[in-house]
Amino acid sequence: MKGSGTVEEIVIVGRHAVKEAIVSGHTINKILIQDTIKKGQINEILKKANSQKIIVQTVPKSKIDGLSESPHQGIAAYIAPYEYADFDEFLVKQKAQDKLSTVLILDGLEDPHNLGSILRTADASGVDAVIIPKRRSVALTQTVAKASTGAIEHIPVIRVTNLANTIDALKDNGYWVVGTEAENSTDYREMDAAMPLAIVIGSEGQGMSRLVKDKCDFYINIPMVGHVNSLNASVAASLMMYEVYRKRHQIGDKR
């Protein structure tokens, strides 16, 4: 089973995003810097770009403004397409590692800001990969890259044709599939994290699809005592990821 495809060439903006692209070795065609920016503010980026012989061009602010609607901090870069990780290769790699694996399955997430935020938290909490479907889902865009503040360079994103088949493959490889569901579910604080986990986060409006929901081994919920009965998808995902981290790591353990 393959995760597949790339997105068209994109522009990334912001100092964190550009810096992480350079550090990670992502192919960068050109960096644009605003002509009024103070060089001291981006000195580290300029040094790294120079060491890798990346073209750096000084341009008016209006040029970068025209490339992105996001705050750009005076810097942008034209980069090669983001490549999606291969699912089979990911499974082989995980088998070779002596650790409990965690993957996040995003079932129909459509907001690029949510995906970027989830990638940022996934990197911070040690999640091994994020899986998204090819259809009816946000892809890896410049908005995602900006929202991830560079985490997009470090978290494998696997795009698959069929989530149900992917879940079956994960189960065959020892993963337990956890769905977030309000009804007939267990408080997320009682979740057992002493096994490889695949955590499913549903779409912003519809939640999990019926087919994916039926594939889950068990369901958990995040208790809410206020007047609003739902959480933003990226917030819910963050709570889940850090609950797994809390259960698997002692205080002070940053592995």
# chains A, B, ... in the order shown; residues from 1 in each chain; ligands from 1
$ closest_atom_pairs --of "segment 1-101 of chain A" --to "segment 129-153 of chain A" --cutoff "8 Å" --atoms "only C-alpha atoms" --output "JSON lines"
{"residue": "A:Val7", "atom": "CA", "partner": "A:Leu140", "partner_atom": "CA", "distance": 6.8}
{"residue": "A:Ile10", "atom": "CA", "partner": "A:Gln142", "partner_atom": "CA", "distance": 6.2}
{"residue": "A:Val11", "atom": "CA", "partner": "A:Gln142", "partner_atom": "CA", "distance": 6.0}
{"residue": "A:Ile12", "atom": "CA", "partner": "A:Gln142", "partner_atom": "CA", "distance": 5.3}
{"residue": "A:Val13", "atom": "CA", "partner": "A:Lys146", "partner_atom": "CA", "distance": 6.4}
{"residue": "A:Gly14", "atom": "CA", "partner": "A:Lys146", "partner_atom": "CA", "distance": 6.8}
{"residue": "A:His16", "atom": "CA", "partner": "A:Thr149", "partner_atom": "CA", "distance": 5.3}
{"residue": "A:Ala17", "atom": "CA", "partner": "A:Gly150", "partner_atom": "CA", "distance": 4.3}
{"residue": "A:Val18", "atom": "CA", "partner": "A:Gly150", "partner_atom": "CA", "distance": 7.4}
{"residue": "A:Lys19", "atom": "CA", "partner": "A:Gly150", "partner_atom": "CA", "distance": 7.6}
{"residue": "A:Glu20", "atom": "CA", "partner": "A:Gly150", "partner_atom": "CA", "distance": 5.1}
{"residue": "A:Ala21", "atom": "CA", "partner": "A:Glu153", "partner_atom": "CA", "distance": 6.4}
{"residue": "A:Ser24", "atom": "CA", "partner": "A:Glu153", "partner_atom": "CA", "distance": 6.4}
{"residue": "A:His26", "atom": "CA", "partner": "A:Glu153", "partner_atom": "CA", "distance": 7.7}
{"residue": "A:Ser70", "atom": "CA", "partner": "A:Thr143", "partner_atom": "CA", "distance": 7.5}
{"residue": "A:Tyr82", "atom": "CA", "partner": "A:Leu140", "partner_atom": "CA", "distance": 6.9}
$ select_by_dssp --residues "segment 77-226 of chain A" --states "alpha helix (DSSP H)" --output "number ranges by chain"
A: 87-95, 112-125, 142-148, 163-172, 210-215
$ residues_around --residues "segment 89-105 of chain A" --least-positions-apart "3" --cutoff "9 Å" --atoms "only C-alpha atoms" --output "PyMOL selection string"
chain A and resi 2+85-86+122+126-133+156+158+163+167+170+173+175+193-202+237+241+244+248
$ closest_residue --among "A:Met191, A:Ile54, A:Ala236, A:Ile118" --to "Ile222 of chain A" --atoms "only C-alpha atoms"
A:Ala236
$ residues_around --residues "Ile28 of chain A" --least-positions-apart "4" --cutoff "7 Å" --atoms "only C-alpha atoms" --output "MDAnalysis selection string"
chainID A and resid 54 77:80
$ write_last_selection --atoms "N, CA and C atoms" --output "compact mmCIF listing (two decimals), in the first residue's frame"
# COMPACT_ATOMS: atom_id res chain seq x y z
N ILE A 54 22.34 28.82 -1.61
CA ILE A 54 20.96 29.09 -2.03
C ILE A 54 20.88 30.55 -2.49
N ALA A 77 10.27 31.91 0.50
CA ALA A 77 11.14 31.01 -0.26
C ALA A 77 10.32 30.19 -1.24
N TYR A 78 10.87 30.04 -2.45
CA TYR A 78 10.31 29.11 -3.42
C TYR A 78 10.96 27.75 -3.15
N ILE A 79 10.14 26.75 -2.90
CA ILE A 79 10.69 25.44 -2.56
C ILE A 79 10.13 24.35 -3.46
N ALA A 80 10.84 23.23 -3.48
CA ALA A 80 10.36 22.06 -4.21
C ALA A 80 9.12 21.51 -3.53
$ residues_around --residues "Glu243 of chain A" --least-positions-apart "3" --cutoff "8 Å" --atoms "only C-alpha atoms" --output "list in words"
Tyr188, Arg189, Leu239, Met240, Arg246 and Lys247 of chain A
$ atom_distance --atom1 "atom CA of Ala169 of chain A" --atom2 "atom CA of His154 of chain A"
23.5 Å
$ closest_residue --among "A:Gln250, A:Ser125, A:Ser203, A:Ser238" --to "Asp111 of chain A" --atoms "only C-alpha atoms"
A:Ser203
$ residues_around --residues "Lys215 of chain A" --least-positions-apart "6" --cutoff "9 Å" --atoms "only C-alpha atoms" --output "PDB file with all heavy atoms, in the first residue's frame"
ATOM      1  N   ALA A 164      -9.984   3.076   5.296  1.00  0.00           N
ATOM      2  CA  ALA A 164     -10.415   1.815   5.909  1.00  0.00           C
ATOM      3  C   ALA A 164      -9.368   0.720   5.684  1.00  0.00           C
ATOM      4  O   ALA A 164      -9.015  -0.026   6.611  1.00  0.00           O
ATOM      5  CB  ALA A 164     -11.766   1.387   5.345  1.00  0.00           C
ATOM      6  N   ILE A 167      -6.343   1.421   7.852  1.00  0.00           N
ATOM      7  CA  ILE A 167      -6.583   1.029   9.248  1.00  0.00           C
ATOM      8  C   ILE A 167      -6.421  -0.473   9.413  1.00  0.00           C
ATOM      9  O   ILE A 167      -5.819  -0.948  10.393  1.00  0.00           O
ATOM     10  CB  ILE A 167      -7.978   1.492   9.699  1.00  0.00           C
ATOM     11  CG1 ILE A 167      -7.983   3.022   9.843  1.00  0.00           C
ATOM     12  CG2 ILE A 167      -8.374   0.840  11.019  1.00  0.00           C
ATOM     13  CD1 ILE A 167      -9.348   3.609  10.133  1.00  0.00           C
ATOM     14  N   ASP A 168      -6.926  -1.242   8.467  1.00  0.00           N
ATOM     15  CA  ASP A 168      -6.754  -2.701   8.519  1.00  0.00           C
ATOM     16  C   ASP A 168      -5.266  -3.069   8.528  1.00  0.00           C
ATOM     17  O   ASP A 168      -4.840  -3.956   9.277  1.00  0.00           O
ATOM     18  CB  ASP A 168      -7.440  -3.372   7.326  1.00  0.00           C
ATOM     19  CG  ASP A 168      -8.953  -3.388   7.456  1.00  0.00           C
ATOM     20  OD1 ASP A 168      -9.456  -3.267   8.592  1.00  0.00           O
ATOM     21  OD2 ASP A 168      -9.632  -3.513   6.413  1.00  0.00           O
ATOM     22  N   VAL A 177      -6.702   0.978  17.223  1.00  0.00           N
ATOM     23  CA  VAL A 177      -7.281   2.179  16.619  1.00  0.00           C
ATOM     24  C   VAL A 177      -8.279   2.816  17.576  1.00  0.00           C
ATOM     25  O   VAL A 177      -9.246   2.186  18.006  1.00  0.00           O
ATOM     26  CB  VAL A 177      -7.955   1.846  15.275  1.00  0.00           C
ATOM     27  CG1 VAL A 177      -8.499   3.117  14.634  1.00  0.00           C
ATOM     28  CG2 VAL A 177      -6.952   1.159  14.343  1.00  0.00           C
ATOM     29  N   GLY A 179     -10.923   5.877  18.309  1.00  0.00           N
ATOM     30  CA  GLY A 179     -11.767   6.904  17.715  1.00  0.00           C
ATOM     31  C   GLY A 179     -12.250   7.892  18.749  1.00  0.00           C
ATOM     32  O   GLY A 179     -12.522   7.525  19.899  1.00  0.00           O
TER      33      GLY A 179
END
$ atom_distance --atom1 "atom CA of Val228 of chain A" --atom2 "atom CA of Tyr245 of chain A"
26.5 Å
$ atom_distance --atom1 "atom CA of His227 of chain A" --atom2 "atom CA of Glu190 of chain A"
23.7 Å
$ select_by_dssp --residues "segment 16-102 of chain A" --states "strand (DSSP E)" --output "PyMOL selection string"
chain A and resi 28-34+56-59+75-79+102
